[in-house]
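Below is one structure, written out as structure tokens; comments come after it.
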Amino acid sequence: MSDDRVIDVTDVWKIFGDRPEAALQAIRDRGLTKAEVLGEFNAVVGVADVSLSVRRGEIFCIMGLSGSGKSTLVRHFNRLLEPTAGRIEIEGVDVTALKPKELQRFRNHKIGMVFQNFALMPHRSVLDNVAMPLEIRQVAKNERMRQAAAILDIVELGAWGAKFAHELSGGMQQRVGLARALAANPDVLLMDEPFSALDPLIRRQLQDEFIRLSKILKKTTVFITHDLDEAVRIGDRIAIMRDGKMVQTGTAEDIVMHPADDYVADFVAGISRLKVVHAHAVMQPLDAYAATHGPLSADLPRVDEGETLSNLITMAIDDDRPVIVHDAGTDRGVITRADLLRTVIEGTEVS
């Protein structure tokens, strides 16, 4: 595994049923569809030949509609589910090969998980809930309470340590769940639709809180969601699943600008490009522009290649001249009003 990759998933299959291996062999030999596997073997294909890698410190969002296989897939990373076939490595360790005690130790030290259900212990205080992973590790009580209190401060719940779960709002309970996952200082965070049960306003606040924490703690995170807006806000990269298969992986900009197929195109049709698309994706080559319009003036406005489409449009309102795009002081391309208009129109859903 490369030093940059924390998680490597290779050719993973999960088939639910009495004869999963036979069903998989039939898929490989005869190319059976998901429906044919159900009919012939009474088996359900949950994950179909998925490979992916997650880089150190990134937030990798896996998204799809209900039944796409996203939650099934993430439960293989800590072997809450056993794969029918394939290999999963985390920090160079083949998780699929671990024996029960090794797996338990690996989960306790390497992986934190946050579910949609807060799963807080009602008879324990907030501080005790957060300290649970450290208690499982048999950390001394004073030390685990100290570490738990420090994590509560980070999620801005330091004053609530003595309260019980029922005394907290839903959003606060989910922050406690996140604090508990962070308390053991895991290398990897697995988050399965952690905010989807919350009201829209609270959900957005928690997304902001998670983004803030991610910048501080730099945890490698796999984040499951069915909400593309959430994935775009949070994810460094996004993987879209359908019928157990990985359809496309890339940055939000990659997926919005270059959808792999009609399914992905429909999926991203409603996403505003204003904050997702950047100058480097809109610009045309300098020589192509010069061939048509002549040499560029030296006093034209310049922007960094990471400038957003939203800001570029604002600039174009007041100044109709082309804009030079540069990177590290080197001119890379040019953007005209026509380029901006074309990008916006192509991103508009037409009825």
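Residues are named by chain letter and number: chains run A, B, ... in the order of the structure tokens, numbers start at 1 in each chain, and ligands are numbered from 1 in the order shown.
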Residue contacts of region 339-342 of chain A (8 Å, only C-alpha atoms) excluding same-chain residues fewer than 2 positions away, as a count of residues only: 11
Nearby residues (only C-alpha atoms) at most 7 Å from Gln248 (chain A), same-chain spacing under 5 positions excluded, as a list in words: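 My reading of the contact set: Ala239, Ile240 and Ala260 of chain A.
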Write a file of the just-selected residues containing N, CA and C atoms, as a compact mmCIF listing (two decimals), in the first residue's frame.
# COMPACT_ATOMS: atom_id res chain seq x y z
N ALA A 239 -17.72 9.07 -4.11
CA ALA A 239 -17.96 7.86 -4.90
C ALA A 239 -19.47 7.64 -4.96
N ILE A 240 -19.97 7.43 -6.15
CA ILE A 240 -21.41 7.20 -6.33
C ILE A 240 -21.65 5.72 -6.62
N ALA A 260 -20.09 10.19 -15.44
CA ALA A 260 -19.68 8.98 -16.16
C ALA A 260 -20.78 8.42 -17.05
Distance criterion (only C-alpha atoms): nearest to Cys61 (chain A) out of A:Ile151, A:Ala22, A:Met191, A:Leu120: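 For Cys61 (chain A), the nearest of the given residues is A:Met191.
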Point-to-point distance in Å for CA of Ala279 (chain A) and CA of Phe223 (chain A): 27.2 Å
Interatomic distance, CA of Asn78 (chain A) to CA of Val95 (chain A) (Å, one decimal):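 Between CA of Asn78 (chain A) and CA of Val95 (chain A) the gap is 7.2 Å.
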For Pro301 (chain A): contacts at 12 Å, only C-alpha atoms, fewer than 6 positions along chain excluded, given as a ChimeraX atom specification: /A:312,315-316,318-326,331,334-336
Polymer residues at most 9 Å from region 201-213 of chain A, only C-alpha atoms, same-chain spacing of 3 or more positions, as an MDAnalysis selection string: chainID A and resid 154:155 170:171 174:175 178 195:198 216:219 230 233:234
Residue among A:Glu21, A:Asp262, A:Asp187, A:Asp8 lying closest to Ile88 (chain A), counting only C-alpha atoms: A:Asp8
Among listed residues A:Glu58, A:Glu193, A:Glu143, A:Asp4, nearest Ile224 (chain A) (using only C-alpha atoms): A:Glu193
Those of region 245-311 of chain A in DSSP strand (DSSP E or B), formatted as a PyMOL selection string: chain A and resi 245-250+278+284+302-304+308
Suppose we keep all heavy atoms; can you now write the selection as a tab-separated table (two decimals), in the first residue's frame?
chain	number	residue	atom	x	y	z
A	245	LYS	N	-22.74	-1.45	-7.13
A	245	LYS	CA	-21.53	-1.18	-7.92
A	245	LYS	C	-21.07	0.27	-7.73
A	245	LYS	O	-21.88	1.16	-7.50
A	245	LYS	CB	-21.78	-1.44	-9.40
A	245	LYS	CG	-22.14	-2.88	-9.72
A	245	LYS	CD	-22.43	-3.03	-11.21
A	245	LYS	CE	-22.81	-4.47	-11.56
A	245	LYS	NZ	-23.13	-4.64	-13.00
A	246	MET	N	-19.77	0.48	-7.89
A	246	MET	CA	-19.22	1.82	-7.88
A	246	MET	C	-19.32	2.38	-9.29
A	246	MET	O	-18.75	1.83	-10.24
A	246	MET	CB	-17.75	1.79	-7.43
A	246	MET	CG	-17.23	3.10	-6.93
A	246	MET	SD	-18.06	3.66	-5.43
A	246	MET	CE	-17.38	2.55	-4.21
A	247	VAL	N	-20.07	3.46	-9.46
A	247	VAL	CA	-20.33	4.02	-10.79
A	247	VAL	C	-19.28	5.06	-11.17
A	247	VAL	O	-18.79	5.08	-12.29
A	247	VAL	CB	-21.74	4.64	-10.85
A	247	VAL	CG1	-22.02	5.20	-12.24
A	247	VAL	CG2	-22.80	3.63	-10.47
A	248	GLN	N	-18.93	5.93	-10.22
A	248	GLN	CA	-17.96	6.98	-10.51
A	248	GLN	C	-17.35	7.48	-9.22
A	248	GLN	O	-18.02	7.59	-8.19
A	248	GLN	CB	-18.60	8.15	-11.26
A	248	GLN	CG	-17.60	9.24	-11.69
A	248	GLN	CD	-18.22	10.28	-12.61
A	248	GLN	OE1	-19.39	10.23	-12.92
A	248	GLN	NE2	-17.42	11.23	-13.06
A	249	THR	N	-16.05	7.78	-9.28
A	249	THR	CA	-15.33	8.36	-8.15
A	249	THR	C	-14.56	9.58	-8.63
A	249	THR	O	-13.93	9.54	-9.67
A	249	THR	CB	-14.36	7.33	-7.54
A	249	THR	OG1	-15.08	6.18	-7.11
A	249	THR	CG2	-13.62	7.92	-6.36
A	250	GLY	N	-14.61	10.65	-7.84
A	250	GLY	CA	-13.85	11.85	-8.19
A	250	GLY	C	-14.20	13.00	-7.26
A	250	GLY	O	-14.98	12.84	-6.33
A	278	HIS	N	-14.50	25.37	-10.58
A	278	HIS	CA	-13.44	26.35	-10.41
A	278	HIS	C	-12.84	26.75	-11.75
A	278	HIS	O	-13.11	26.14	-12.78
A	278	HIS	CB	-12.36	25.80	-9.48
A	278	HIS	CG	-12.88	25.43	-8.13
A	278	HIS	ND1	-13.43	24.19	-7.86
A	278	HIS	CD2	-12.97	26.14	-6.97
A	278	HIS	CE1	-13.82	24.15	-6.60
A	278	HIS	NE2	-13.57	25.32	-6.04
A	284	GLN	N	-10.14	28.13	-21.24
A	284	GLN	CA	-9.69	27.60	-22.52
A	284	GLN	C	-8.20	27.86	-22.66
A	284	GLN	O	-7.65	28.77	-22.03
A	284	GLN	CB	-10.45	28.24	-23.68
A	284	GLN	CG	-10.41	29.76	-23.72
A	284	GLN	CD	-11.18	30.32	-24.90
A	284	GLN	OE1	-10.77	30.15	-26.06
A	284	GLN	NE2	-12.27	31.01	-24.62
A	302	ARG	N	-6.46	38.93	-13.46
A	302	ARG	CA	-5.95	37.57	-13.27
A	302	ARG	C	-6.57	36.94	-12.03
A	302	ARG	O	-6.82	37.62	-11.05
A	302	ARG	CB	-4.42	37.59	-13.14
A	302	ARG	CG	-3.70	37.71	-14.47
A	302	ARG	CD	-2.20	37.86	-14.29
A	302	ARG	NE	-1.49	37.56	-15.51
A	302	ARG	CZ	-1.45	38.33	-16.57
A	302	ARG	NH1	-2.09	39.50	-16.55
A	302	ARG	NH2	-0.79	37.99	-17.67
A	303	VAL	N	-6.81	35.63	-12.11
A	303	VAL	CA	-7.34	34.89	-10.97
A	303	VAL	C	-6.56	33.59	-10.81
A	303	VAL	O	-5.96	33.08	-11.77
A	303	VAL	CB	-8.85	34.55	-11.14
A	303	VAL	CG1	-9.68	35.82	-11.22
A	303	VAL	CG2	-9.08	33.65	-12.35
A	304	ASP	N	-6.58	33.06	-9.60
A	304	ASP	CA	-5.99	31.77	-9.34
A	304	ASP	C	-6.86	30.67	-9.96
A	304	ASP	O	-8.08	30.83	-10.09
A	304	ASP	CB	-5.87	31.55	-7.84
A	304	ASP	CG	-5.17	30.24	-7.50
A	304	ASP	OD1	-3.93	30.22	-7.55
A	304	ASP	OD2	-5.87	29.26	-7.19
A	308	THR	N	-13.70	30.26	-7.69
A	308	THR	CA	-15.00	29.63	-7.93
A	308	THR	C	-15.74	30.29	-9.09
A	308	THR	O	-15.52	31.47	-9.40
A	308	THR	CB	-15.89	29.69	-6.68
A	308	THR	OG1	-16.20	31.06	-6.39
A	308	THR	CG2	-15.22	29.02	-5.50
Check region 142-206 of chain A with DSSP on the backbone and list each residue it calls helix (DSSP H, G or I), as a PDB file with N, CA, C and O atoms, in the first residue's frame.
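New file selection-v3.pdb:
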ATOM      1  N   ASN A 142      -9.069   8.053  35.791  1.00  0.00           N
ATOM      2  CA  ASN A 142      -8.744   9.486  35.779  1.00  0.00           C
ATOM      3  C   ASN A 142      -8.258   9.935  34.406  1.00  0.00           C
ATOM      4  O   ASN A 142      -8.628  11.011  33.921  1.00  0.00           O
ATOM      5  N   GLU A 143      -7.458   9.082  33.767  1.00  0.00           N
ATOM      6  CA  GLU A 143      -6.912   9.443  32.461  1.00  0.00           C
ATOM      7  C   GLU A 143      -7.999   9.432  31.391  1.00  0.00           C
ATOM      8  O   GLU A 143      -8.051  10.318  30.531  1.00  0.00           O
ATOM      9  N   ARG A 144      -8.867   8.437  31.417  1.00  0.00           N
ATOM     10  CA  ARG A 144      -9.911   8.394  30.392  1.00  0.00           C
ATOM     11  C   ARG A 144     -10.908   9.537  30.557  1.00  0.00           C
ATOM     12  O   ARG A 144     -11.408  10.084  29.574  1.00  0.00           O
ATOM     13  N   MET A 145     -11.181   9.918  31.789  1.00  0.00           N
ATOM     14  CA  MET A 145     -12.068  11.056  32.011  1.00  0.00           C
ATOM     15  C   MET A 145     -11.416  12.356  31.538  1.00  0.00           C
ATOM     16  O   MET A 145     -12.086  13.233  30.987  1.00  0.00           O
ATOM     17  N   ARG A 146     -10.116  12.454  31.738  1.00  0.00           N
ATOM     18  CA  ARG A 146      -9.398  13.645  31.268  1.00  0.00           C
ATOM     19  C   ARG A 146      -9.456  13.736  29.746  1.00  0.00           C
ATOM     20  O   ARG A 146      -9.753  14.800  29.179  1.00  0.00           O
ATOM     21  N   GLN A 147      -9.204  12.606  29.068  1.00  0.00           N
ATOM     22  CA  GLN A 147      -9.232  12.605  27.607  1.00  0.00           C
ATOM     23  C   GLN A 147     -10.647  12.854  27.082  1.00  0.00           C
ATOM     24  O   GLN A 147     -10.826  13.574  26.099  1.00  0.00           O
ATOM     25  N   ALA A 148     -11.636  12.253  27.720  1.00  0.00           N
ATOM     26  CA  ALA A 148     -13.025  12.447  27.294  1.00  0.00           C
ATOM     27  C   ALA A 148     -13.439  13.901  27.445  1.00  0.00           C
ATOM     28  O   ALA A 148     -14.106  14.478  26.582  1.00  0.00           O
ATOM     29  N   ALA A 149     -13.032  14.530  28.553  1.00  0.00           N
ATOM     30  CA  ALA A 149     -13.359  15.940  28.784  1.00  0.00           C
ATOM     31  C   ALA A 149     -12.706  16.822  27.729  1.00  0.00           C
ATOM     32  O   ALA A 149     -13.312  17.798  27.249  1.00  0.00           O
ATOM     33  N   ALA A 150     -11.483  16.477  27.333  1.00  0.00           N
ATOM     34  CA  ALA A 150     -10.791  17.262  26.311  1.00  0.00           C
ATOM     35  C   ALA A 150     -11.518  17.180  24.970  1.00  0.00           C
ATOM     36  O   ALA A 150     -11.648  18.185  24.256  1.00  0.00           O
ATOM     37  N   ILE A 151     -12.012  15.981  24.623  1.00  0.00           N
ATOM     38  CA  ILE A 151     -12.748  15.816  23.372  1.00  0.00           C
ATOM     39  C   ILE A 151     -14.083  16.555  23.431  1.00  0.00           C
ATOM     40  O   ILE A 151     -14.518  17.186  22.450  1.00  0.00           O
ATOM     41  N   LEU A 152     -14.760  16.526  24.580  1.00  0.00           N
ATOM     42  CA  LEU A 152     -16.016  17.273  24.725  1.00  0.00           C
ATOM     43  C   LEU A 152     -15.783  18.770  24.514  1.00  0.00           C
ATOM     44  O   LEU A 152     -16.625  19.458  23.936  1.00  0.00           O
ATOM     45  N   ASP A 153     -14.656  19.260  24.969  1.00  0.00           N
ATOM     46  CA  ASP A 153     -14.334  20.673  24.738  1.00  0.00           C
ATOM     47  C   ASP A 153     -14.174  20.952  23.248  1.00  0.00           C
ATOM     48  O   ASP A 153     -14.625  21.991  22.748  1.00  0.00           O
ATOM     49  N   ILE A 154     -13.563  20.020  22.537  1.00  0.00           N
ATOM     50  CA  ILE A 154     -13.339  20.213  21.101  1.00  0.00           C
ATOM     51  C   ILE A 154     -14.670  20.291  20.350  1.00  0.00           C
ATOM     52  O   ILE A 154     -14.817  21.088  19.418  1.00  0.00           O
ATOM     53  N   GLY A 158     -18.282  20.899  26.506  1.00  0.00           N
ATOM     54  CA  GLY A 158     -17.574  20.721  27.765  1.00  0.00           C
ATOM     55  C   GLY A 158     -18.441  20.932  28.989  1.00  0.00           C
ATOM     56  O   GLY A 158     -18.249  20.277  30.026  1.00  0.00           O
ATOM     57  N   ALA A 159     -19.422  21.808  28.881  1.00  0.00           N
ATOM     58  CA  ALA A 159     -20.267  22.119  30.036  1.00  0.00           C
ATOM     59  C   ALA A 159     -21.367  21.083  30.251  1.00  0.00           C
ATOM     60  O   ALA A 159     -22.112  21.173  31.235  1.00  0.00           O
ATOM     61  N   TRP A 160     -21.484  20.108  29.358  1.00  0.00           N
ATOM     62  CA  TRP A 160     -22.595  19.154  29.411  1.00  0.00           C
ATOM     63  C   TRP A 160     -22.153  17.767  29.866  1.00  0.00           C
ATOM     64  O   TRP A 160     -22.936  16.824  29.817  1.00  0.00           O
ATOM     65  N   ALA A 165     -28.145  11.626  28.298  1.00  0.00           N
ATOM     66  CA  ALA A 165     -28.497  11.772  26.882  1.00  0.00           C
ATOM     67  C   ALA A 165     -29.873  12.406  26.698  1.00  0.00           C
ATOM     68  O   ALA A 165     -30.059  13.257  25.815  1.00  0.00           O
ATOM     69  N   HIS A 166     -30.862  12.015  27.531  1.00  0.00           N
ATOM     70  CA  HIS A 166     -32.225  12.514  27.329  1.00  0.00           C
ATOM     71  C   HIS A 166     -32.336  14.009  27.621  1.00  0.00           C
ATOM     72  O   HIS A 166     -33.341  14.633  27.290  1.00  0.00           O
ATOM     73  N   GLU A 167     -31.312  14.582  28.231  1.00  0.00           N
ATOM     74  CA  GLU A 167     -31.318  16.009  28.530  1.00  0.00           C
ATOM     75  C   GLU A 167     -30.736  16.843  27.385  1.00  0.00           C
ATOM     76  O   GLU A 167     -30.700  18.070  27.478  1.00  0.00           O
ATOM     77  N   GLY A 170     -31.254  16.475  19.815  1.00  0.00           N
ATOM     78  CA  GLY A 170     -30.755  15.492  18.861  1.00  0.00           C
ATOM     79  C   GLY A 170     -29.392  15.864  18.301  1.00  0.00           C
ATOM     80  O   GLY A 170     -28.499  15.022  18.177  1.00  0.00           O
ATOM     81  N   GLY A 171     -29.219  17.137  17.970  1.00  0.00           N
ATOM     82  CA  GLY A 171     -27.939  17.574  17.428  1.00  0.00           C
ATOM     83  C   GLY A 171     -26.814  17.434  18.427  1.00  0.00           C
ATOM     84  O   GLY A 171     -25.691  17.030  18.083  1.00  0.00           O
ATOM     85  N   MET A 172     -27.105  17.741  19.700  1.00  0.00           N
ATOM     86  CA  MET A 172     -26.093  17.601  20.749  1.00  0.00           C
ATOM     87  C   MET A 172     -25.757  16.133  20.986  1.00  0.00           C
ATOM     88  O   MET A 172     -24.586  15.779  21.188  1.00  0.00           O
ATOM     89  N   GLN A 173     -26.763  15.264  20.933  1.00  0.00           N
ATOM     90  CA  GLN A 173     -26.505  13.835  21.097  1.00  0.00           C
ATOM     91  C   GLN A 173     -25.595  13.310  19.993  1.00  0.00           C
ATOM     92  O   GLN A 173     -24.705  12.486  20.240  1.00  0.00           O
ATOM     93  N   GLN A 174     -25.811  13.797  18.775  1.00  0.00           N
ATOM     94  CA  GLN A 174     -24.955  13.324  17.693  1.00  0.00           C
ATOM     95  C   GLN A 174     -23.531  13.829  17.863  1.00  0.00           C
ATOM     96  O   GLN A 174     -22.566  13.137  17.516  1.00  0.00           O
ATOM     97  N   ARG A 175     -23.361  15.021  18.410  1.00  0.00           N
ATOM     98  CA  ARG A 175     -22.017  15.518  18.703  1.00  0.00           C
ATOM     99  C   ARG A 175     -21.344  14.678  19.788  1.00  0.00           C
ATOM    100  O   ARG A 175     -20.125  14.452  19.743  1.00  0.00           O
ATOM    101  N   VAL A 176     -22.138  14.189  20.745  1.00  0.00           N
ATOM    102  CA  VAL A 176     -21.585  13.280  21.749  1.00  0.00           C
ATOM    103  C   VAL A 176     -21.136  11.984  21.078  1.00  0.00           C
ATOM    104  O   VAL A 176     -20.068  11.438  21.388  1.00  0.00           O
ATOM    105  N   GLY A 177     -21.966  11.477  20.133  1.00  0.00           N
ATOM    106  CA  GLY A 177     -21.583  10.273  19.395  1.00  0.00           C
ATOM    107  C   GLY A 177     -20.286  10.465  18.633  1.00  0.00           C
ATOM    108  O   GLY A 177     -19.431   9.568  18.587  1.00  0.00           O
ATOM    109  N   LEU A 178     -20.118  11.640  18.028  1.00  0.00           N
ATOM    110  CA  LEU A 178     -18.884  11.944  17.308  1.00  0.00           C
ATOM    111  C   LEU A 178     -17.714  12.027  18.290  1.00  0.00           C
ATOM    112  O   LEU A 178     -16.627  11.503  18.018  1.00  0.00           O
ATOM    113  N   ALA A 179     -17.931  12.684  19.433  1.00  0.00           N
ATOM    114  CA  ALA A 179     -16.875  12.794  20.448  1.00  0.00           C
ATOM    115  C   ALA A 179     -16.444  11.409  20.937  1.00  0.00           C
ATOM    116  O   ALA A 179     -15.258  11.149  21.143  1.00  0.00           O
ATOM    117  N   ARG A 180     -17.425  10.514  21.121  1.00  0.00           N
ATOM    118  CA  ARG A 180     -17.099   9.156  21.571  1.00  0.00           C
ATOM    119  C   ARG A 180     -16.222   8.439  20.545  1.00  0.00           C
ATOM    120  O   ARG A 180     -15.267   7.746  20.895  1.00  0.00           O
ATOM    121  N   ALA A 181     -16.549   8.616  19.262  1.00  0.00           N
ATOM    122  CA  ALA A 181     -15.742   7.976  18.214  1.00  0.00           C
ATOM    123  C   ALA A 181     -14.330   8.547  18.182  1.00  0.00           C
ATOM    124  O   ALA A 181     -13.372   7.842  17.856  1.00  0.00           O
ATOM    125  N   LEU A 182     -14.191   9.835  18.523  1.00  0.00           N
ATOM    126  CA  LEU A 182     -12.886  10.487  18.481  1.00  0.00           C
ATOM    127  C   LEU A 182     -12.057  10.245  19.734  1.00  0.00           C
ATOM    128  O   LEU A 182     -10.833  10.408  19.718  1.00  0.00           O
ATOM    129  N   ALA A 183     -12.706   9.861  20.832  1.00  0.00           N
ATOM    130  CA  ALA A 183     -12.029   9.789  22.127  1.00  0.00           C
ATOM    131  C   ALA A 183     -10.836   8.837  22.105  1.00  0.00           C
ATOM    132  O   ALA A 183      -9.805   9.093  22.740  1.00  0.00           O
ATOM    133  N   PRO A 200     -33.215  19.952   9.070  1.00  0.00           N
ATOM    134  CA  PRO A 200     -32.290  20.552   8.102  1.00  0.00           C
ATOM    135  C   PRO A 200     -31.342  21.595   8.704  1.00  0.00           C
ATOM    136  O   PRO A 200     -30.146  21.614   8.391  1.00  0.00           O
ATOM    137  N   LEU A 201     -31.844  22.463   9.572  1.00  0.00           N
ATOM    138  CA  LEU A 201     -30.989  23.514  10.139  1.00  0.00           C
ATOM    139  C   LEU A 201     -29.918  22.910  11.041  1.00  0.00           C
ATOM    140  O   LEU A 201     -28.734  23.263  10.949  1.00  0.00           O
ATOM    141  N   ILE A 202     -30.325  21.966  11.917  1.00  0.00           N
ATOM    142  CA  ILE A 202     -29.364  21.314  12.805  1.00  0.00           C
ATOM    143  C   ILE A 202     -28.362  20.509  11.988  1.00  0.00           C
ATOM    144  O   ILE A 202     -27.165  20.470  12.290  1.00  0.00           O
ATOM    145  N   ARG A 203     -28.874  19.889  10.938  1.00  0.00           N
ATOM    146  CA  ARG A 203     -27.993  19.085  10.079  1.00  0.00           C
ATOM    147  C   ARG A 203     -26.896  19.942   9.463  1.00  0.00           C
ATOM    148  O   ARG A 203     -25.723  19.564   9.467  1.00  0.00           O
ATOM    149  N   ARG A 204     -27.274  21.107   8.968  1.00  0.00           N
ATOM    150  CA  ARG A 204     -26.275  21.994   8.353  1.00  0.00           C
ATOM    151  C   ARG A 204     -25.278  22.485   9.401  1.00  0.00           C
ATOM    152  O   ARG A 204     -24.076  22.589   9.119  1.00  0.00           O
ATOM    153  N   GLN A 205     -25.753  22.776  10.592  1.00  0.00           N
ATOM    154  CA  GLN A 205     -24.850  23.215  11.655  1.00  0.00           C
ATOM    155  C   GLN A 205     -23.844  22.125  11.999  1.00  0.00           C
ATOM    156  O   GLN A 205     -22.657  22.406  12.210  1.00  0.00           O
ATOM    157  N   LEU A 206     -24.317  20.870  12.049  1.00  0.00           N
ATOM    158  CA  LEU A 206     -23.402  19.773  12.346  1.00  0.00           C
ATOM    159  C   LEU A 206     -22.433  19.511  11.195  1.00  0.00           C
ATOM    160  O   LEU A 206     -21.287  19.126  11.434  1.00  0.00           O
TER     161      LEU A 206
END
Selection: 9 Å around Lys163 (chain A), only C-alpha atoms, excl. self and same-chain fewer than 4 positions, as a list of chain:residue names: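 Counting only C-alpha atoms, the residues come to A:Arg124, A:Ser125, A:Val126, A:Leu127, A:Ala159, A:Glu167, A:Leu168.
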Distance criterion (only C-alpha atoms): nearest to Asp261 (chain A) out of A:Arg28, A:Arg242, A:His123, A:Lys99: A:Arg242
CA of Ser71 (chain A) to CA of Gln104 (chain A), straight-line distance in Å: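 Straight-line distance from CA of Gln104 (chain A) to CA of Ser71 (chain A) works out to 20.5 Å.
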Residue nearest Arg273 (chain A) - candidates A:Gln138, A:Asn311, A:Thr72, A:Asn185, atoms counted: only C-alpha atoms: A:Asn311
So which residues touch Val232 (chain A) within 8 Å, counting only C-alpha atoms, skipping near sequence neighbours fewer than 4 positions away, as a tab-separated table (two decimals) with C-alpha atoms, in the first residue's frame?
chain	number	residue	atom	x	y	z
A	228	LEU	CA	-25.48	14.90	-2.79
A	238	ILE	CA	-17.12	11.39	-3.78
A	252	ALA	CA	-17.38	17.09	-6.76
A	276	VAL	CA	-18.32	23.44	-7.07
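Residue nearest Asp236 (chain A) within the list A:Asp266, A:Asp254, A:Asp192, A:Glu40: A:Asp254 [criterion: smallest interatomic distance, only C-alpha atoms].
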